[in-house]
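As stored in structure.cif (mmCIF, C-alpha atoms):
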```cif
data_work
loop_
_atom_site.label_atom_id
_atom_site.label_comp_id
_atom_site.auth_asym_id
_atom_site.auth_seq_id
_atom_site.Cartn_x
_atom_site.Cartn_y
_atom_site.Cartn_z
CA MET M 191 -18.12 71.50 28.72
CA ASN M 192 -17.99 75.24 29.28
CA ALA M 193 -17.93 76.53 32.81
CA PRO M 194 -21.36 77.81 33.88
CA VAL M 195 -21.76 81.57 33.84
CA PHE M 196 -24.12 83.83 35.69
CA PRO M 197 -25.65 86.75 33.80
CA LEU M 198 -25.32 89.39 36.49
CA ILE M 199 -27.70 92.33 36.40
CA GLY M 200 -27.30 93.43 39.99
CA PHE M 201 -24.69 93.03 42.67
CA GLU M 202 -25.16 94.61 46.05
CA ARG M 203 -23.01 94.15 49.10
CA LEU M 204 -23.70 94.52 52.79
CA ARG M 205 -27.44 93.90 52.86
CA MET M 206 -28.97 93.22 56.25
CA ALA M 207 -32.31 91.87 57.39
CA ILE M 208 -33.49 91.62 53.80
CA ASP M 209 -32.28 88.33 52.39
CA GLY M 210 -32.30 86.20 55.47
CA ARG M 211 -29.89 86.09 58.33
CA GLY M 212 -26.70 88.07 58.72
CA VAL M 213 -24.88 90.27 56.27
CA THR M 214 -25.54 89.22 52.71
CA THR M 215 -24.51 90.04 49.16
CA LEU M 216 -27.16 89.93 46.48
CA ALA M 217 -26.31 88.56 43.06
CA ALA M 218 -29.23 89.10 40.68
CA ALA M 219 -29.52 87.08 37.48
CA TRP M 220 -30.95 87.95 34.11
CA GLY M 221 -33.70 85.70 32.82
CA CYS M 222 -37.16 84.87 34.11
CA PRO M 223 -39.85 82.45 32.94
CA LEU M 224 -42.60 84.74 34.24
CA ARG M 225 -43.90 88.09 33.04
CA CYS M 226 -45.52 89.40 36.19
CA ARG M 227 -47.76 92.40 35.79
CA TYR M 228 -46.07 94.33 38.59
CA CYS M 229 -42.52 93.14 37.95
CA LEU M 230 -40.16 95.55 39.66
CA ASN M 231 -37.14 94.43 37.67
CA PRO M 232 -38.14 94.21 34.01
CA GLN M 233 -34.43 94.44 33.22
CA SER M 234 -34.31 90.88 34.41
CA TRP M 235 -36.06 89.61 31.27
CA ARG M 236 -35.74 92.30 28.59
CA GLU M 237 -33.48 91.08 25.83
CA ASP M 238 -31.73 94.44 25.42
CA THR M 239 -30.51 94.32 29.01
CA LEU M 240 -26.78 94.58 29.54
CA VAL M 241 -25.23 92.04 31.89
CA ARG M 242 -21.94 90.98 33.27
CA ARG M 243 -21.31 87.33 32.62
CA VAL M 244 -19.33 86.02 35.55
CA THR M 245 -17.89 82.63 36.33
CA PRO M 246 -18.22 81.13 39.82
CA GLU M 247 -14.62 82.11 40.52
CA GLU M 248 -15.25 85.70 39.44
CA LEU M 249 -18.37 86.06 41.55
CA TYR M 250 -16.49 84.56 44.48
CA ALA M 251 -13.70 87.09 44.01
CA MET M 252 -16.27 89.89 44.12
CA ALA M 253 -18.09 88.56 47.18
CA ARG M 254 -15.18 87.46 49.32
CA VAL M 255 -14.34 91.00 50.41
CA ASP M 256 -17.15 90.47 52.90
CA ASP M 257 -16.07 87.01 54.01
CA LEU M 258 -15.41 88.30 57.51
CA TYR M 259 -18.91 89.76 57.82
CA PHE M 260 -20.48 86.60 56.39
CA ARG M 261 -18.73 84.33 58.85
CA ALA M 262 -19.28 86.56 61.85
CA THR M 263 -23.01 86.98 61.21
CA GLY M 264 -23.93 83.68 59.58
CA GLY M 265 -24.63 85.46 56.31
CA GLY M 266 -23.52 84.85 52.75
CA VAL M 267 -24.69 85.21 49.19
CA THR M 268 -28.29 85.48 48.03
CA PHE M 269 -29.11 84.66 44.44
CA GLY M 270 -32.05 86.64 43.10
CA GLY M 271 -33.12 88.04 39.79
CA GLY M 272 -34.88 87.30 37.56
CA GLU M 273 -34.96 83.60 38.26
CA PRO M 274 -31.66 82.33 39.62
CA LEU M 275 -32.64 78.66 39.43
CA LEU M 276 -32.38 78.96 35.65
CA ARG M 277 -28.67 79.00 36.56
CA ALA M 278 -28.71 75.98 38.83
CA GLN M 279 -25.43 74.59 37.52
CA PHE M 280 -23.74 77.89 38.27
CA ILE M 281 -25.02 77.83 41.84
CA ARG M 282 -23.75 74.29 42.28
CA ALA M 283 -20.35 75.32 40.96
CA PHE M 284 -20.34 78.43 43.14
CA ARG M 285 -20.86 76.32 46.26
CA GLY M 286 -17.84 74.30 45.22
CA VAL M 287 -15.77 77.48 45.03
CA CYS M 288 -17.01 79.28 48.16
CA GLY M 289 -17.05 76.24 50.44
CA ARG M 290 -19.63 75.31 53.07
CA ASP M 291 -19.20 78.24 55.44
CA TRP M 292 -21.22 80.82 53.51
CA HIS M 293 -24.98 80.75 53.85
CA LEU M 294 -26.44 80.50 50.35
CA THR M 295 -30.01 81.65 49.74
CA VAL M 296 -32.06 81.53 46.56
CA GLU M 297 -35.03 83.78 45.89
CA THR M 298 -37.11 81.88 43.37
CA CYS M 299 -40.53 81.46 41.80
CA LEU M 300 -39.76 77.73 41.32
CA ASN M 301 -41.27 77.79 37.83
CA VAL M 302 -38.26 75.94 36.46
CA PRO M 303 -37.58 72.34 35.43
CA GLU M 304 -37.54 69.93 38.35
CA GLU M 305 -33.94 68.94 37.65
CA ASN M 306 -32.85 72.51 38.33
CA VAL M 307 -34.33 72.31 41.83
CA ARG M 308 -32.82 68.91 42.45
CA ALA M 309 -29.44 70.18 41.28
CA VAL M 310 -29.20 72.69 44.13
CA LEU M 311 -31.01 70.83 46.93
CA GLY M 312 -27.76 69.97 48.65
CA GLN M 313 -26.04 73.24 47.88
CA VAL M 314 -28.49 75.93 48.95
CA ASP M 315 -29.16 76.55 52.63
CA GLU M 316 -32.41 78.45 52.29
CA PHE M 317 -35.06 78.87 49.61
CA VAL M 318 -37.30 81.94 49.54
CA VAL M 319 -40.18 81.03 47.26
CA ASP M 320 -42.54 83.60 45.80
CA ILE M 321 -45.47 81.35 45.05
CA LYS M 322 -47.77 84.24 43.98
CA ASP M 323 -51.14 82.52 44.51
CA THR M 324 -52.14 78.87 44.64
CA ASP M 325 -55.16 79.51 42.42
CA GLY M 326 -54.06 78.51 38.94
CA GLU M 327 -56.19 81.07 37.17
CA ILE M 328 -55.00 83.97 39.35
CA TYR M 329 -51.43 82.82 38.82
CA ARG M 330 -51.85 82.64 35.05
CA ARG M 331 -53.51 86.04 34.80
CA TYR M 332 -50.79 87.66 36.89
CA THR M 333 -47.69 85.91 35.54
CA GLY M 334 -48.75 84.74 32.09
CA ALA M 335 -47.58 81.24 32.98
CA ASP M 336 -48.97 77.96 34.27
CA SER M 337 -48.45 77.28 37.97
CA ALA M 338 -48.29 73.47 37.94
CA GLN M 339 -44.49 73.28 37.74
CA ALA M 340 -44.01 75.77 40.58
CA ARG M 341 -46.45 73.93 42.84
CA SER M 342 -44.89 70.58 42.02
CA ASN M 343 -41.41 71.93 42.75
CA LEU M 344 -42.57 73.44 46.02
CA ALA M 345 -43.92 70.07 47.13
CA LEU M 346 -40.59 68.53 46.18
CA LEU M 347 -38.66 71.18 48.06
CA LEU M 348 -40.73 70.83 51.22
CA ARG M 349 -40.34 67.08 51.07
CA GLU M 350 -36.66 66.86 50.17
CA ALA M 351 -35.18 69.98 51.78
CA GLY M 352 -37.60 70.20 54.69
CA PRO M 353 -39.92 73.06 55.66
CA GLU M 354 -37.34 74.72 57.90
CA ARG M 355 -35.26 75.60 54.83
CA VAL M 356 -38.17 77.07 52.87
CA VAL M 357 -39.79 80.47 53.30
CA VAL M 358 -42.95 80.82 51.21
CA ARG M 359 -43.98 84.30 50.15
CA VAL M 360 -47.70 84.75 49.66
CA PRO M 361 -48.34 88.23 48.32
CA ALA M 362 -51.48 90.31 48.17
CA ILE M 363 -51.58 91.25 44.49
CA PRO M 364 -53.74 94.31 43.87
CA GLY M 365 -56.35 93.66 41.22
CA TYR M 366 -55.56 89.94 41.05
CA ASN M 367 -56.26 88.36 44.40
CA THR M 368 -58.13 89.22 47.56
CA PRO M 369 -57.23 88.84 51.25
CA GLU M 370 -59.42 85.73 51.18
CA ASP M 371 -57.42 84.31 48.28
CA GLN M 372 -54.20 85.08 50.13
CA GLU M 373 -55.40 83.27 53.23
CA ARG M 374 -56.66 80.35 51.15
CA SER M 375 -53.20 80.06 49.60
CA ARG M 376 -51.58 80.07 53.01
CA GLU M 377 -53.88 77.30 54.20
CA ARG M 378 -53.22 75.17 51.11
CA LEU M 379 -49.49 75.67 51.46
CA ALA M 380 -49.60 74.78 55.14
CA ALA M 381 -51.43 71.58 54.18
CA LEU M 382 -48.60 70.91 51.74
CA GLY M 383 -46.12 71.13 54.60
CA ALA M 384 -44.96 74.75 54.51
CA ARG M 385 -44.25 76.24 57.94
CA ARG M 386 -42.53 79.54 57.27
CA PHE M 387 -44.62 82.21 55.56
CA ASP M 388 -44.14 85.78 54.48
CA LEU M 389 -47.48 87.44 53.77
CA PHE M 390 -47.09 90.91 52.32
CA PRO M 391 -48.60 93.29 49.75
CA TYR M 392 -46.97 93.84 46.39
CA ILE M 393 -45.80 97.34 45.66
CA VAL M 394 -47.49 98.72 42.59
CA ARG M 395 -45.83 101.50 40.63
CA GLU M 396 -47.94 102.71 37.75
CA MET E 185 -31.95 100.86 56.10
CA ASN E 186 -29.92 103.98 55.53
CA GLY E 187 -26.18 103.97 55.05
CA LYS E 188 -25.36 105.52 58.42
CA LYS E 189 -27.26 102.83 60.27
CA LYS E 190 -25.62 100.14 58.16
CA CYS E 191 -22.20 101.67 58.83
CA LYS E 192 -22.86 101.66 62.57
CA ILE E 193 -23.83 97.97 62.55
CA LEU E 194 -20.80 96.97 60.48
CA LYS E 195 -18.57 98.93 62.84
CA GLU E 196 -20.05 97.01 65.75
CA ILE E 197 -19.41 93.70 63.97
CA ARG E 198 -15.77 94.67 63.42
CA ALA E 199 -15.42 95.64 67.05
CA GLN E 200 -16.85 92.28 68.16
CA ILE E 201 -14.50 90.35 65.89
CA ALA E 202 -11.55 92.32 67.24
CA GLN E 203 -12.62 91.76 70.84
CA ALA E 204 -13.25 88.04 70.36
CA ASN E 205 -9.74 87.63 68.97
CA ASP E 206 -7.90 90.01 71.26
CA ILE E 207 -7.04 92.34 68.39
CA SER E 208 -6.42 95.99 69.09
CA LEU E 209 -8.74 98.01 66.88
CA VAL E 210 -8.88 101.76 67.25
CA VAL E 211 -11.99 103.10 65.57
CA ASN E 212 -11.71 106.75 64.71
CA GLU E 213 -14.77 108.94 64.49
CA CYS E 214 -16.12 109.09 60.96
CA THR E 215 -15.58 112.48 59.36
CA HIS E 216 -17.25 111.63 56.07
CA LYS E 217 -19.55 114.35 54.76
CA GLY E 218 -22.48 113.66 52.49
CA GLU E 219 -24.22 110.44 51.59
CA CYS E 220 -23.05 107.32 53.43
CA ARG E 221 -23.41 104.01 51.60
CA GLY E 222 -22.67 101.92 54.67
CA THR E 223 -19.00 101.51 53.93
CA CYS E 224 -16.12 103.61 52.70
CA PRO E 225 -12.38 103.16 52.07
CA ARG E 226 -11.65 103.71 55.76
CA CYS E 227 -14.17 101.04 56.83
CA GLU E 228 -12.83 98.68 54.17
CA ALA E 229 -9.30 99.26 55.43
CA GLU E 230 -10.41 98.18 58.90
CA VAL E 231 -11.77 94.95 57.47
CA ARG E 232 -8.49 94.27 55.66
CA TYR E 233 -6.59 95.01 58.87
CA LEU E 234 -8.71 92.50 60.78
CA GLU E 235 -8.15 89.90 58.09
CA GLN E 236 -4.40 90.41 58.31
CA GLU E 237 -4.41 90.15 62.09
CA LEU E 238 -6.52 86.99 61.99
CA GLU E 239 -4.16 85.48 59.45
CA LYS E 240 -1.19 86.26 61.71
CA ARG E 241 -2.95 84.49 64.55
CA ARG E 242 -3.75 81.54 62.36
CA GLN E 243 -0.10 81.23 61.35
CA LEU E 244 0.91 81.34 65.00
CA GLY E 245 -1.48 78.51 65.72
CA LYS E 246 -3.75 80.65 67.88
CA ARG E 247 -7.47 80.04 68.14
CA ILE E 248 -9.60 82.23 65.90
CA ALA E 249 -13.12 83.14 66.98
CA LEU E 250 -15.12 84.21 63.99
CA ALA E 251 -18.04 81.95 63.13
CA GLY E 252 -21.20 83.51 64.52
CA VAL E 253 -19.55 85.97 66.90
CA SER E 254 -21.86 88.73 65.64
CA VAL E 255 -25.05 86.82 64.88
CA GLY E 256 -26.97 88.85 67.43
CA VAL E 257 -26.12 92.15 65.78
CA THR E 258 -28.25 91.51 62.72
CA VAL E 259 -30.90 89.16 64.04
CA ALA E 260 -33.20 91.85 65.43
CA LEU E 261 -33.07 94.09 62.42
CA SER E 262 -36.11 94.76 60.32
CA GLY E 263 -35.35 96.15 56.92
CA CYS E 264 -37.31 97.73 54.13
CA SER E 265 -39.18 95.68 51.57
CA VAL E 266 -37.17 93.04 49.79
CA LEU E 267 -38.70 93.99 46.48
CA GLU E 268 -38.07 97.69 46.91
CA ASP E 269 -34.52 96.97 47.84
CA MET E 270 -34.02 94.66 44.89
CA ALA E 271 -35.39 97.31 42.54
CA TRP E 272 -33.01 99.86 44.03
CA SER E 273 -30.12 97.53 43.47
CA VAL E 274 -30.94 97.00 39.83
CA ARG E 275 -31.54 100.71 39.24
CA GLU E 276 -28.17 101.50 40.73
CA MET E 277 -26.52 98.88 38.58
CA PHE E 278 -27.90 100.41 35.44
CA ARG E 279 -27.67 104.07 36.29
CA GLY E 280 -24.94 104.52 33.67
CA ARG E 281 -26.67 102.62 30.87
CA ASP E 282 -27.27 105.57 28.56
CA ASP E 283 -23.62 105.90 27.72
CA GLY E 284 -23.08 102.17 27.59
CA ASP E 285 -21.46 101.78 30.97
CA ILE E 286 -22.32 99.44 33.76
CA ILE E 287 -21.31 100.92 37.07
CA ASP E 288 -20.62 99.28 40.36
CA VAL E 289 -23.54 99.38 42.72
CA MET E 290 -21.33 100.83 45.40
CA GLY E 291 -20.49 103.88 43.31
CA ASP E 292 -16.94 105.02 43.91
CA VAL E 293 -16.37 102.46 46.67
CA PRO E 294 -14.48 99.52 45.18
CA MET E 295 -16.31 96.22 45.49
CA TYR E 296 -13.16 94.18 45.24
CA ASP E 297 -9.44 94.37 45.02
CA PRO E 298 -8.82 95.09 41.32
CA THR E 299 -5.43 93.38 41.37
CA GLU E 300 -7.10 90.07 42.15
CA LEU E 301 -9.24 89.95 39.03
CA PRO E 302 -8.26 89.33 35.43
CA GLU E 303 -8.15 92.39 33.22
CA GLU E 304 -10.90 91.22 30.89
CA PHE E 305 -13.25 91.06 33.86
CA LEU E 306 -12.32 94.53 35.04
CA MET E 307 -13.06 95.89 31.61
CA GLY E 308 -16.51 94.41 31.97
CA GLU E 309 -17.59 91.86 29.43
CA VAL E 310 -20.73 93.74 28.52
CA GLU E 311 -23.04 92.27 25.97
CA ALA E 312 -26.65 91.62 25.25
CA LEU E 313 -27.22 88.15 26.55
CA PRO E 314 -29.08 85.68 24.38
CA PRO E 315 -31.78 83.79 26.25
CA ASP E 316 -29.76 80.61 26.52
CA PHE E 317 -31.21 79.13 29.68
CA GLU E 318 -28.90 76.33 30.52
CA GLY E 319 -30.43 75.18 33.76
#
```

Produce structure tokens that represent the structure in this file.
Amino acid sequence: MNAPVFPLIGFERLRMAIDGRGVTTLAAAWGCPLRCRYCLNPQSWREDTLVRRVTPEELYAMARVDDLYFRATGGGVTFGGGEPLLRAQFIRAFRGVCGRDWHLTVETCLNVPEENVRAVLGQVDEFVVDIKDTDGEIYRRYTGADSAQARSNLALLLREAGPERVVVRVPAIPGYNTPEDQERSRERLAALGARRFDLFPYIVRE
Amino acid sequence: MNGKKKCKILKEIRAQIAQANDISLVVNECTHKGECRGTCPRCEAEVRYLEQELEKRRQLGKRIALAGVSVGVTVALSGCSVLEDMAWSVREMFRGRDDGDIIDVMGDVPMYDPTELPEEFLMGEVEALPPDFEG
């Protein structure tokens, strides 16, 4: 079996107060199951995008220059994208290489097969979930995809990982949902067990 | 967060690590002109120096204080939008795309020690990736 690789489209060191606690390094992956109307990183799904394919050992070699900062601040590596959970086996392997001391965060839409979520439950410290909107029709119009898998995976995550490890982003999406929709989503998600929310407006660049 | 502010915070973290481990660290005033990206070869050299000093202490069997010594430095920060920042990161990564190059997001600041990576990686295995989601 080939070693898992990560199709890297972005790598940024020394981020603070953006991807969770401490000093973090962002590793952004190519590939996304959604086609969001206001996607800020269309490079993450265009097929003509150039990437660096890195192994867990290679990404570790790139990130470990900040090992001191990670340990001192409780930070680590954040996997974003695109949809990093499409690379769940890579993330599992990366945890094996970097050890338990780095804080690993995943920024995800959760619209991935359930086994991908299960594969990283014990490896990832924190999940930042952009759930878009809990209304299926709003979700479909905005992303072009069905929301059932994402909602099912969120329920799984809250149940198996616990709400303290899950931040749920509930955006205001201009032209797609209203403040009332946003609040309705928050209430539904709270009923599902979510405790940590990030309500914010999407940035629209036309 | 601009580079100067980031640089100041990282400098404070290094100072705290040094103090917690009784390491002498003389921080010279930064004389860099122009855009600051939060780190530079001089800042990186300080990090490597601290790593070496900590390793010496480890080999001598001394206690090393590192885990969480600077948690408070970054806790109170509030940054710019995650999405804006992510977009910036990707734009930076692909700034050199027109001539087929992928550049490091840190510009001329090395992201890693080149001697520690295999040559084929340094050359950059650049290719259009087929959509082979492997889960």

*Do you have the atom CA of M:Ala262-atom CA of M:Phe196 distance handy?*
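Computed distance, atom CA of M:Ala262 to atom CA of M:Phe196, equals 26.7 Å.
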
*For the structure shown, which residues end up in the PyMOL selection byres ((chain M and resi 394) around 10)? Put them as a ChimeraX atom specification, please?*
/M:227-230,363-364,391-393,395-396

With C-alpha atoms retained, export the selected residues as a compact mmCIF listing (two decimals), in the frame of the given file.
```txt
# COMPACT_ATOMS: atom_id res chain seq x y z
CA ARG M 227 -47.76 92.40 35.79
CA TYR M 228 -46.07 94.33 38.59
CA CYS M 229 -42.52 93.14 37.95
CA LEU M 230 -40.16 95.55 39.66
CA ILE M 363 -51.58 91.25 44.49
CA PRO M 364 -53.74 94.31 43.87
CA PRO M 391 -48.60 93.29 49.75
CA TYR M 392 -46.97 93.84 46.39
CA ILE M 393 -45.80 97.34 45.66
CA ARG M 395 -45.83 101.50 40.63
CA GLU M 396 -47.94 102.71 37.75
```

*With only C-alpha atoms counted, which protein, DNA or RNA residues have an atom no more than 10 Å from (-45.7, 70.4, 58.8) in the file frame? Please answer as a VMD selection string.*
chain M and resid 348 to 349 352 to 354 379 to 386

Mind writing the picked residues with C-alpha atoms as a PDB file, in the frame of the given file?
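Okay, selection.pdb is ready:
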```pdb
ATOM      1  CA  LEU M 348     -40.730  70.830  51.220  1.00  0.00           C
ATOM      2  CA  ARG M 349     -40.340  67.080  51.070  1.00  0.00           C
ATOM      3  CA  GLY M 352     -37.600  70.200  54.690  1.00  0.00           C
ATOM      4  CA  PRO M 353     -39.920  73.060  55.660  1.00  0.00           C
ATOM      5  CA  GLU M 354     -37.340  74.720  57.900  1.00  0.00           C
ATOM      6  CA  LEU M 379     -49.490  75.670  51.460  1.00  0.00           C
ATOM      7  CA  ALA M 380     -49.600  74.780  55.140  1.00  0.00           C
ATOM      8  CA  ALA M 381     -51.430  71.580  54.180  1.00  0.00           C
ATOM      9  CA  LEU M 382     -48.600  70.910  51.740  1.00  0.00           C
ATOM     10  CA  GLY M 383     -46.120  71.130  54.600  1.00  0.00           C
ATOM     11  CA  ALA M 384     -44.960  74.750  54.510  1.00  0.00           C
ATOM     12  CA  ARG M 385     -44.250  76.240  57.940  1.00  0.00           C
ATOM     13  CA  ARG M 386     -42.530  79.540  57.270  1.00  0.00           C
TER      14      ARG M 386
END
```

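Residue nearest E:Thr215 within the list E:Lys189, E:Val255, E:Leu244, E:Cys227: E:Cys227 [criterion: smallest interatomic distance, all atoms listed in the file].
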
*asked:* Running the PyMOL selection byres ((chain M and resi 330-332) around 10) on this model by hand, what would come out? Give it as a ChimeraX atom specification.
replied: /M:224-229,322-323,325-329,333-337,363,365-367

What residues come out when you apply the PyMOL selection byres ((chain M and resi 198) around 8) to this file, written as a tab-separated table (two decimals) with C-alpha atoms, in the frame of the given file?
```tsv
chain	number	residue	atom	x	y	z
M	196	PHE	CA	-24.12	83.83	35.69
M	197	PRO	CA	-25.65	86.75	33.80
M	199	ILE	CA	-27.70	92.33	36.40
M	200	GLY	CA	-27.30	93.43	39.99
M	201	PHE	CA	-24.69	93.03	42.67
M	217	ALA	CA	-26.31	88.56	43.06
M	218	ALA	CA	-29.23	89.10	40.68
M	219	ALA	CA	-29.52	87.08	37.48
M	220	TRP	CA	-30.95	87.95	34.11
M	241	VAL	CA	-25.23	92.04	31.89
M	242	ARG	CA	-21.94	90.98	33.27
M	243	ARG	CA	-21.31	87.33	32.62
M	244	VAL	CA	-19.33	86.02	35.55
```

*Counting only C-alpha atoms, chain M residues within 6 Å of chain E, as JSON, numbers by chain*: {"M": [200, 207, 208, 212, 230, 231, 238, 240, 241, 242, 252, 261, 262, 263, 264, 276, 277, 278, 306]}

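Distances here use only C-alpha atoms; by that measure, the residue among M:Glu350, M:Thr324, M:Glu297, M:Val318 closest to M:Glu373 is M:Thr324.
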
*asked:* So the first atom is atom CA of M:Pro194 and the second is atom CA of M:Gln279; what is the distance between them in Å, to one decimal place?
replied: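 Distance reported for this atom pair: 6.3 Å.
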